[in-house]
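A quick write-up on the structure given underneath.
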2 protein chains.
Amino acid sequence: MKDRTFFNAHHSPAGAFATFTLGSKGAKGGFGLELSGPANDNIFVGFESADQPGTFEALPFYGGSESAARDYDVEGHSDLSQAGAIDPFDDSKVTRKMGPSIDTWIAGDLTLTIGSPVGALPEPAAPFTANGFVHNDAYLPAVFGELILDNRSGTFDRRAFIGYRGTERYAGMRVLDPEVGLVGIAQGRNTGIAVDDQDAWAGVAWQPEVILDPTHKENLPFYVAHTGLIVVPVKAGELKRVRVAFGFYREGVVTSGIEGRYLYTELYKNLDEVLKRGISLCDERLQAGKALDESLKGRLTDDRYFQLSHAIRSYYGSTQLLLDPQNQPLWVVNEGEYRMMNTFDLTVDQLFYELALHPWTVRNVLDLYADRYSYDDTVRFPNDPNDYPGGIAFAHDMGVGNAFSLQGRSGYEQAGLTGCFSFMSAEELMNWVLCAGIYLKHSDDNAWGTSRKDVFVRALRSLQNRDHHDPSQRNGLVGSDGWRCRGGAEITTYDSLDASLGQARNNLYLGVKGWATYRILGDALVTLGDAEAAAEANHAADLAAKTIVQSANEVGLLPAVIGEGVEARIIPAIEGLVYPILAGLSLDSDELVNALKRHLQIVLDTGICKFKDGGWRLSSTSRNSWLSKIYLCQYIAEKILGMEPDAQADAAHVGWLLDPENVYFAWSDQMLEGKAVGSRYYPRGVTAALWLLQNGTDLNQITEALSGSNSFAKA
Amino acid sequence: MKDRTFFNAHHSPAGAFATFTLGSKGAKGGFGLELSGPANDNIFVGFESADQPGTFEALPFYGGSESAARDYDVEGHSDLSQAGAIDPFDDSKVTRKMGPSIDTWIAGDLTLTIGSPVGALPEPAAPFTANGFVHNDAYLPAVFGELILDNRSGTFDRRAFIGYRGTERYAGMRVLDPEVGLVGIAQGRNTGIAVDDQDAWAGVAWQPEVILDPTHKENLPFYVAHTGLIVVPVKAGELKRVRVAFGFYREGVVTSGIEGRYLYTELYKNLDEVLKRGISLCDERLQAGKALDESLKGRLTDDRYFQLSHAIRSYYGSTQLLLDPQNQPLWVVNEGEYRMMNTFDLTVDQLFYELALHPWTVRNVLDLYADRYSYDDTVRFPNDPNDYPGGIAFAHDMGVGNAFSLQGRSGYEQAGLTGCFSFMSAEELMNWVLCAGIYLKHSDDNAWGTSRKDVFVRALRSLQNRDHHDPSQRNGLVGSDGWRCRGGAEITTYDSLDASLGQARNNLYLGVKGWATYRILGDALVTLGDAEAAAEANHAADLAAKTIVQSANEVGLLPAVIGEGVEARIIPAIEGLVYPILAGLSLDSDELVNALKRHLQIVLDTGICKFKDGGWRLSSTSRNSWLSKIYLCQYIAEKILGMEPDAQADAAHVGWLLDPENVYFAWSDQMLEGKAVGSRYYPRGVTAALWLLQNGTDLNQITEALSGSNSFAKA
C-alpha cells in the first residue's frame, strides 16, 4: 500500500484562484496565487522537542536551510550565520487525515489542522457594500487553521512555530503591522499567515532558528532576509490551541481581454482584513468542516472518500470569481496546470457538482459563452472541397492564465490540424446544450431559458447540419468538420488519447453524447414552447440511437469510430447516458442502453479496458486514462447500468494518485499507466461527486452531502 | 581586451522599478518589474537570412527552444511540433554601441535600438489629471525602440521579428486586442511589446517559427503556449524602419507598511495606453537620446563614458515613484539585488546626480526619514555599561522589496552585532545632514530648511554626544555606539569590508565624513539663523580635522581606525572632502586636505591600495572594492586634490564590469578582486556623474550634460 501521509493537497478558498498547497515532502507547496502548479515555498511548522530544550522538530515541508547571509557579507565577518537546530519529524511520528474540508497532521505533541471552505456559494449581486451583498464570507480569500500544542507532560516551556519562505518574486517577507492586532507574517500584500495568540511573536530572518531564539526581539523584522516565522510559546503543563489564518489577496484588474478584478476586493480591503476575518471565523468554519467530513465519510468507501476529497480541493483551487467592467460577476474555473479558462469540456463535467452547490455559476459561464465565445461557421465533409451550412458553435475555452482570448476564439484551437489543438466545435456545441438544458431542468429558471431560446434553436439547426444538411442523409452523428478546421479535422475533449477518442466525426463517444444532446434539446424546446423543433430533436436522437445500436459487432462490441474501421474499444461510449438521466428524463431507448451495457460489460470483463492493476482504461488502444471520466463512467455503470462497484479499480485509482511521482500535483487527471503526465493539479475530478447519488438522480443529494453541515451553505 | 558586446544593461524608465534588461547571451534578460535580478526571459529579435528564405538569424538572447507541446499531447499525436529554423547570429556579425540613453545592436541587415529616458524629472504635484500635473511623459513606464531592417539588396521578401517568452508566473502570453491599434504581444497586464507597422502580425506559440510561418493566421493567438512574437515583413528592395515600445504596468497598491501605488497609474490607464504613448513618443525620444549620448561621449574617455552610461541605466532601473495614501509623491530608490528602499548610504552617494536632475527627490527622501525613519537613542562608550545622552539618528533604510519597515526601523539593522547588519546610527545621522545641507545650498529652498531647522539642531547635539557628552573630552570623531546596538558596535556603510572600514567608532573614513558634516551643519545653521549652534559645529569640525591630521604616522599615512592600532590603509579617507566642496564651501583646513592628499598619494603610489590590474583597492586589507566609491574618490583625487586621472585604473574597472562572470548583473558595485560578489544589479554607480564636473564644482554641469539635449528635461 502506498504512503498515505505525504502528498500535496489543495487548501483553497472559493473563487480566489488561490491555494495553500501542502503535504509533499520538501519545498513543494505553499501559497499559490494564480499559478499553474505548486508555489514551491518552504513551509515551517514545528515544535520544540519535549526531550531537549533548544532542539526543534518540524513537518518536512521545507528544503535545505542554507543561509543567504553570505550574499551581503562576502568575506564572512558577520556573526549572523549561526547553525540551525531544526530537524524534520521522523516519518513514523506523523499521521494525517484528510477529508474535503479538513486536513490534519499529528506529529508528536503537535497537531496542525487546515480547514478549507466547502459548500454552497451565494450568487453575487450588487451593491457590494457592507449591507448589500449577503455573502456570509463565502468568498473570503483565506483558509482556516489551528495548531494544538500539547505540553501537558512537558517539564519546560516549549516553542512552536509556523511560517514560510515565499517564492513570490515581487515583494519581500514582512511582519504584520502592529495595528492589525494579530501576530503574523506576510509576503508583500498577497499572502500571509496570522495567529491570534498574544504571547506569540513574529519575525523575518535567514533561518527559522534566529526567530525562534531572538537574542534581541527588536531584531525580528529583519526584512533583508527571506524566512518569515511566527513563534508560539507553550508553558510546561499547558495544552494550547492557536487559531491560524492563511490569507491571500490580489488587488486591481487581474485579467486582460475582459478586465476582471476579484469580487473579494469589494468585500475586504486588503490582506490584513482578510487575515482578521479569517481568525474570527476560524472556530466556526473548522467545526463545520469537521462535521461535513464526518458525515461524508459515512457515505463512501475509504478509497472513494479520499478521491472525492482530493478532487473537491483541486476544484476550488482553480476557481476564480471576478467582477467584469460592468460590475457583473464572472465565474472562471481555471484548468489546473494549463490554466485555460472555463474550458467547456470541463464545465460539462463539473456541471453536476456546480448545479448542486452553485448553479448560478453554470448560467454565468453559459452566458459568456453565448455572448462572447460563440461563432457561426459552415462545415465540410470528407473528400468534398465545398462549404455547406453549419451554424452556431462554441469555443473550447475563454483564454489562458488570466488572458481572456479574443472574441469568438479559444486560446487552444488551431486550424489545419487533425489531432490535439484542433477545433472541438461540435462537441462544445453539445456542451452548451447539455449544460444549458440541465441547468434549466435543475433550476426551473425559465426566464433565463426563454432569453436564450434562440441559442437552443440555433444549436439544433447547427447540430443537424453538422450531421448533414440533407435530412435524408442524416444518421444522428457528427459527419462533418467545421470550416475553422481549414482542412483539418475536429477532435473531442479526449484530445490526448488516440484516434479512438480523438476524432469527432462518427465518434462513438460523441455519438452517444449527441444523442443525449438531442434528447435534452427535445425536452428544453418543449419547455420553451417550440414543439416542432422539439420533435425534430427527438427524431435526431432516435436516428443517433439507431445508428449506434446498429454498429455493434456480432458479440455486441461497439466500434470507437463508427463505419471507419477503427476497432478500438472505449469505455466513454456510455458517457452520454448521464445527461438525460440527470435531467430527469426517462432514457426511452432501451435498445441503446442495452447495447452500451453489453459493450461495457465486455470491455471490462475481458480486461481490454483495464490496466494490470485493475484500473480502468478508457480506450483499449491508449495507455492514457483520465480519472475524472472514469469517475463519471463508474457512476453510469453502477447507477444507470446496474453494475456492481469495482473496488479493485478504486484501489488502483487511489494508487495512481499516491504514486510518489504524482503526489506533487495533488489531484491529477491524465494518467499514462498510472503516471500523471498531463492535466495535473486539475479541477475536473469533481465528477466523483456523482458517487453520492445513492438513490435516484436528484442532485440535491450532493447539495445535502456537501453543504448540509456547513454554516456558510445557508447564504 | 574583454568582449564589449555581450553584457546585460538596463533599459529603464524612471520611477517604474522596471527594466528591460538585455545584452548577455542566453535567456538572461527581459522584462524585470520589481525584481532583484534579471528576469531571465527569452528574448527573440531576428531577421530572415538574406541567403536562404525560411532560415532566420537572431540575437543570442534566448535559451533552448524546446517545445512544451508534449505536456498536452503526451503520446505525440499532434503535428504541432515542427522543427525550428532560427540560429543565433555569428558573434562576429554583431556589434554594439551603448551610451546612457541609446543601446544599439547591429547584426547583419538588422539594427535594434533601445532608447531609455535620461534627464530631469519634474516634481509631481496634484491634481494628477490630464491638465493637472505637467509631466511631459517623464514617468511613462516604457522604453523606446526601433528596428531597422535593410532588405535593399535582398532578392526576396524577408521577415523580421521581435518577441519574448516571459517568466512572470501569474499570467499567460497574449496578443494585444485589435482595438489598441498596434500590433503587439504582452504577458498579462504587466509587460508588453508593440510596433506600429500595420503589415506586421503577432502571435503566441510554443516556438517562434510557428508565428513566423503561420499556416493559418487565425492560429496566431494560441494562448496555451508561452512565446509571443511580432513578425514584420520586409519587401525585397525595402529598407524598413519600425517603431517599437517596451511597456510596463503594475496596478494598485504595491507596497506594504506605507500603502503606495505607482504615480504612473494616475497618468496612464493600463499597459495598452503605455504602449500607445510609447510608440507616439518613439522618434522624439530616440532622437533626444542620440543627441545626449553624442554630446556626453565628447566629454569623457571611452572607459568613463562606458561606466557612467552603465551606471545611469542601473540607477533608473531601481527607481520607484509612488503616491502614498495621502496622494503625495514618495520616491524610492531600491537597492539593486537587495531591494532595500532608500538605503541612506546610497542616497548620500546618489545625491549629486539627483540634485542635478531631480533635487525634489532628495527632499522627498529626507522628509520621510525625518518623519518616519528617525529615532532618538542614548549611547554607550567602550567598557562602560552606562547609558549617556545621544540624540536623533536615522534608520539605514526604509524597508525591503516593497515592504516598508516599521516606523523608526530599517529592514537591515540588527542589535547585538559588531559587523555586517549592525546599526549605522552615526553614519546615517551624518547622511541626513549632508544630504539636507547640500540640498539646501543647491536649491535655496530656505522654506524647507526652516521647516526642518529643528532636525539640523538636534543633529548637531546628537553628533556632539556621539563624540562625547563631556565637551572637554571631544575629539570630533564618533566615540560611542548607539543604544540600539545593545552591546554590539556601530558599523559604517562599508559593512562588507574588513574592520578597517566597517567599525564606526574612531573610523578615519567616518572621521572625515563627520568633519564634513560639521562643516555643512555650520553653514546651514548660519543660513537658518542660529549663529551660536553654527559656531559649535565649526568648532567640532576643527576638532575633527585636528584629530585626523595628528593621527598621521611618520610618513604621512593615516590609520583606518584612529588610536586603535588598526593599521589598514584606506582610500575612502578622502571621501568626506566631497561634501563641503559640492556645497560650495571653501575647505578652510589646508592641513586636513594636505594630510589626506599625502595619505592618498602614498597608498596609490606604493600600490597597497591597488589590485594587480591597476584597479583601486579601497582598503589595503580587504580584497573587496566598490566601484561607486572608487568613482567618487577618483573625482576627489582629481578635482579636489589635483591628481592626474588614472587611466589604467579606469581600464581595470571596465574590465571588472565586463568580466564574463559579472556581465549578467549589468552594473555591480562590490568587486572581490574584480568579481561581482555583492551589490549586484545596483543603482549606486551614478557617483560617476561627478566626472562631468570639468571646471569647478557646479552641479549644473551634470544637469546640462545629462538633460540639455533631451526634450523631457524641459518639463
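Residue numbering restarts at 1 for every chain of the C-alpha cells, chains are lettered A, B, ... in their displayed order, and ligands are numbered from 1 as they appear.
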Wanna dump the chain B-chain A contacts at 6 Å for me, each residue with its shortest atom pair and the distance in Å to one decimal, counting only C-alpha atoms, ordered by chain and number, as CSV?
residue,atom,partner,partner_atom,distance
B:Glu34,CA,A:Tyr170,CA,5.4
B:Leu35,CA,A:Tyr170,CA,5.8
B:Asp71,CA,A:Gly678,CA,5.8
B:Asp73,CA,A:Ser496,CA,5.0
B:Ser78,CA,A:Gly419,CA,5.1
B:Tyr170,CA,A:Glu34,CA,5.4
B:Ala171,CA,A:Gly401,CA,4.8
B:Gly172,CA,A:Gly401,CA,4.8
B:Asn219,CA,A:Gln414,CA,5.0
B:Phe222,CA,A:Gly411,CA,5.1
B:Tyr223,CA,A:Gly411,CA,4.4
B:Val224,CA,A:Gly411,CA,5.9
B:Gly252,CA,A:Gly252,CA,5.4
B:Val400,CA,A:Tyr223,CA,5.7
B:Gly401,CA,A:Ala171,CA,4.7
B:Asn402,CA,A:Ala171,CA,5.3
B:Gly411,CA,A:Tyr223,CA,4.4
B:Tyr412,CA,A:Phe222,CA,5.8
B:Gln414,CA,A:Asn219,CA,5.0
B:Gly419,CA,A:Ser78,CA,5.1
B:Cys420,CA,A:Ser78,CA,5.2
B:Ser496,CA,A:Asp73,CA,5.0
B:Gly678,CA,A:Asp71,CA,5.8
Would you please extract all strand (DSSP E) residues from stretch 14-73 of chain B, as assigned by DSSP on the backbone, and give them as a ChimeraX atom specification? /B:18-21,30-33,42-48,56-58
Between atom CA of B:Trp448 and atom CA of B:Tyr518, what is the distance in Å, rounded to a tenth?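 A separation of 19.8 Å between them.
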Using only C-alpha atoms, determine which residues lie at most 6 Å from B:Arg159, disregarding the query and same-chain residues fewer than 4 positions distant; provide the list as a ChimeraX atom specification. /B:47-48,232-234
Find the residues near B:Leu587: any atom within 9 Å, counting only C-alpha atoms, skip ones fewer than 6 places away on the same chain, and give them as a list in words. Arg519, Leu577, Pro580, Ile581 and Val593 of chain B
Spatial neighbours of A:Ala535, 10 Å, only C-alpha atoms, chain gap at least 4 places, as a VMD selection string: chain A and resid 518 to 519 521 to 523 525 to 526 530 to 531 539 to 541
May I have the residues from that selection written out with N, CA, C and O atoms, as a PDB file, in the first residue's frame?
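Generated output (out_35.pdb):
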ATOM      1  N   TYR A 518     -29.520  15.787 -28.227  1.00  0.00           N
ATOM      2  CA  TYR A 518     -30.826  15.888 -28.890  1.00  0.00           C
ATOM      3  C   TYR A 518     -31.958  15.629 -27.901  1.00  0.00           C
ATOM      4  O   TYR A 518     -33.007  16.268 -27.946  1.00  0.00           O
ATOM      5  N   ARG A 519     -31.752  14.692 -27.016  1.00  0.00           N
ATOM      6  CA  ARG A 519     -32.796  14.382 -26.029  1.00  0.00           C
ATOM      7  C   ARG A 519     -33.026  15.586 -25.107  1.00  0.00           C
ATOM      8  O   ARG A 519     -34.164  15.968 -24.843  1.00  0.00           O
ATOM      9  N   LEU A 521     -32.280  18.673 -25.817  1.00  0.00           N
ATOM     10  CA  LEU A 521     -32.851  19.726 -26.651  1.00  0.00           C
ATOM     11  C   LEU A 521     -34.356  19.519 -26.821  1.00  0.00           C
ATOM     12  O   LEU A 521     -35.150  20.472 -26.727  1.00  0.00           O
ATOM     13  N   GLY A 522     -34.708  18.266 -27.079  1.00  0.00           N
ATOM     14  CA  GLY A 522     -36.126  17.953 -27.259  1.00  0.00           C
ATOM     15  C   GLY A 522     -36.931  18.375 -26.043  1.00  0.00           C
ATOM     16  O   GLY A 522     -37.983  19.025 -26.144  1.00  0.00           O
ATOM     17  N   ASP A 523     -36.398  18.072 -24.899  1.00  0.00           N
ATOM     18  CA  ASP A 523     -37.098  18.418 -23.662  1.00  0.00           C
ATOM     19  C   ASP A 523     -37.141  19.928 -23.453  1.00  0.00           C
ATOM     20  O   ASP A 523     -38.174  20.503 -23.119  1.00  0.00           O
ATOM     21  N   LEU A 525     -36.862  22.323 -25.615  1.00  0.00           N
ATOM     22  CA  LEU A 525     -37.658  23.058 -26.603  1.00  0.00           C
ATOM     23  C   LEU A 525     -39.152  22.939 -26.308  1.00  0.00           C
ATOM     24  O   LEU A 525     -39.921  23.855 -26.610  1.00  0.00           O
ATOM     25  N   VAL A 526     -39.551  21.838 -25.738  1.00  0.00           N
ATOM     26  CA  VAL A 526     -40.935  21.748 -25.284  1.00  0.00           C
ATOM     27  C   VAL A 526     -41.179  22.778 -24.186  1.00  0.00           C
ATOM     28  O   VAL A 526     -42.141  23.554 -24.224  1.00  0.00           O
ATOM     29  N   ASP A 530     -41.509  25.334 -28.240  1.00  0.00           N
ATOM     30  CA  ASP A 530     -41.335  25.085 -29.665  1.00  0.00           C
ATOM     31  C   ASP A 530     -41.436  23.582 -29.925  1.00  0.00           C
ATOM     32  O   ASP A 530     -40.434  22.883 -30.096  1.00  0.00           O
ATOM     33  N   ALA A 531     -42.661  23.097 -29.951  1.00  0.00           N
ATOM     34  CA  ALA A 531     -42.902  21.657 -30.045  1.00  0.00           C
ATOM     35  C   ALA A 531     -42.373  21.086 -31.354  1.00  0.00           C
ATOM     36  O   ALA A 531     -41.908  19.944 -31.410  1.00  0.00           O
ATOM     37  N   HIS A 539     -36.411  13.256 -32.996  1.00  0.00           N
ATOM     38  CA  HIS A 539     -36.191  12.408 -34.167  1.00  0.00           C
ATOM     39  C   HIS A 539     -34.693  12.167 -34.382  1.00  0.00           C
ATOM     40  O   HIS A 539     -34.254  11.052 -34.654  1.00  0.00           O
ATOM     41  N   ALA A 540     -33.925  13.249 -34.235  1.00  0.00           N
ATOM     42  CA  ALA A 540     -32.477  13.112 -34.409  1.00  0.00           C
ATOM     43  C   ALA A 540     -31.892  12.170 -33.357  1.00  0.00           C
ATOM     44  O   ALA A 540     -30.997  11.367 -33.643  1.00  0.00           O
ATOM     45  N   ALA A 541     -32.426  12.253 -32.142  1.00  0.00           N
ATOM     46  CA  ALA A 541     -31.945  11.349 -31.093  1.00  0.00           C
ATOM     47  C   ALA A 541     -32.218   9.902 -31.469  1.00  0.00           C
ATOM     48  O   ALA A 541     -31.359   9.023 -31.306  1.00  0.00           O
TER      49      ALA A 541
END
Excluding A:His442 and its own-chain neighbours fewer than 3 positions away, which residues fall within 12 Å of it when counting only C-alpha atoms? Please give them as a VMD selection string. chain A and resid 351 to 352 354 to 360 362 to 363 434 to 439 445 to 446 449 524 579 to 585 697 to 700
Which neighbours of B:Lys269 fall inside 12 Å, counting only C-alpha atoms, when residues of the same chain fewer than 3 positions from it are skipped, and could you give them as a ChimeraX atom specification? /A:252-253,259 /B:129-130,140-141,189,248-252,262-266,272-277
Just write the chosen residues, C-alpha atoms, as an mmCIF file, in the first residue's frame.
data_model
loop_
_atom_site.group_PDB
_atom_site.id
_atom_site.type_symbol
_atom_site.label_atom_id
_atom_site.label_comp_id
_atom_site.auth_asym_id
_atom_site.auth_seq_id
_atom_site.Cartn_x
_atom_site.Cartn_y
_atom_site.Cartn_z
ATOM 1 C CA GLY A 252 -6.813 45.572 -9.051
ATOM 2 C CA VAL A 253 -7.622 44.312 -12.509
ATOM 3 C CA GLU A 259 -10.821 43.401 -17.433
ATOM 4 C CA THR B 129 -5.342 64.896 -14.232
ATOM 5 C CA ALA B 130 -4.991 65.479 -17.923
ATOM 6 C CA LEU B 140 5.819 56.878 -18.821
ATOM 7 C CA PRO B 141 6.680 53.279 -17.853
ATOM 8 C CA ARG B 189 -1.303 43.171 -17.868
ATOM 9 C CA PHE B 248 5.416 48.025 -18.100
ATOM 10 C CA TYR B 249 2.419 48.376 -15.844
ATOM 11 C CA ARG B 250 1.648 47.471 -12.253
ATOM 12 C CA GLU B 251 -1.736 48.397 -10.933
ATOM 13 C CA GLY B 252 -2.993 49.110 -7.449
ATOM 14 C CA TYR B 262 2.743 53.931 -8.884
ATOM 15 C CA LEU B 263 2.315 57.555 -9.861
ATOM 16 C CA TYR B 264 2.046 56.477 -13.476
ATOM 17 C CA THR B 265 -1.213 54.676 -12.779
ATOM 18 C CA GLU B 266 -2.753 58.136 -12.428
ATOM 19 C CA ASP B 272 -2.260 49.422 -23.757
ATOM 20 C CA GLU B 273 -2.133 53.164 -23.147
ATOM 21 C CA VAL B 274 1.508 52.954 -22.149
ATOM 22 C CA LEU B 275 2.402 51.153 -25.355
ATOM 23 C CA LYS B 276 0.449 53.577 -27.485
ATOM 24 C CA ARG B 277 2.102 56.556 -25.882
#
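Atom CA of B:Ile312 is found 27.2 Å from atom CA of B:Ile520.
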Quick one: pull the distance between atom CA of B:Trp201 and atom CA of A:Ser425, Å, one decimal.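 Atom CA of B:Trp201 sits 25.6 Å away from atom CA of A:Ser425.
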From a DSSP calculation on the backbone, collect every residue of stretch 354-507 of chain A in alpha helix (DSSP H) and output the set as a ChimeraX atom specification. /A:354-357,359-371,425-443,446-451,453-467,499-502
Restricting the calculation to only C-alpha atoms: of B:Leu321, B:Ile230, B:Leu112, B:Ile148, which residue gets closest to B:Ala16? B:Leu321
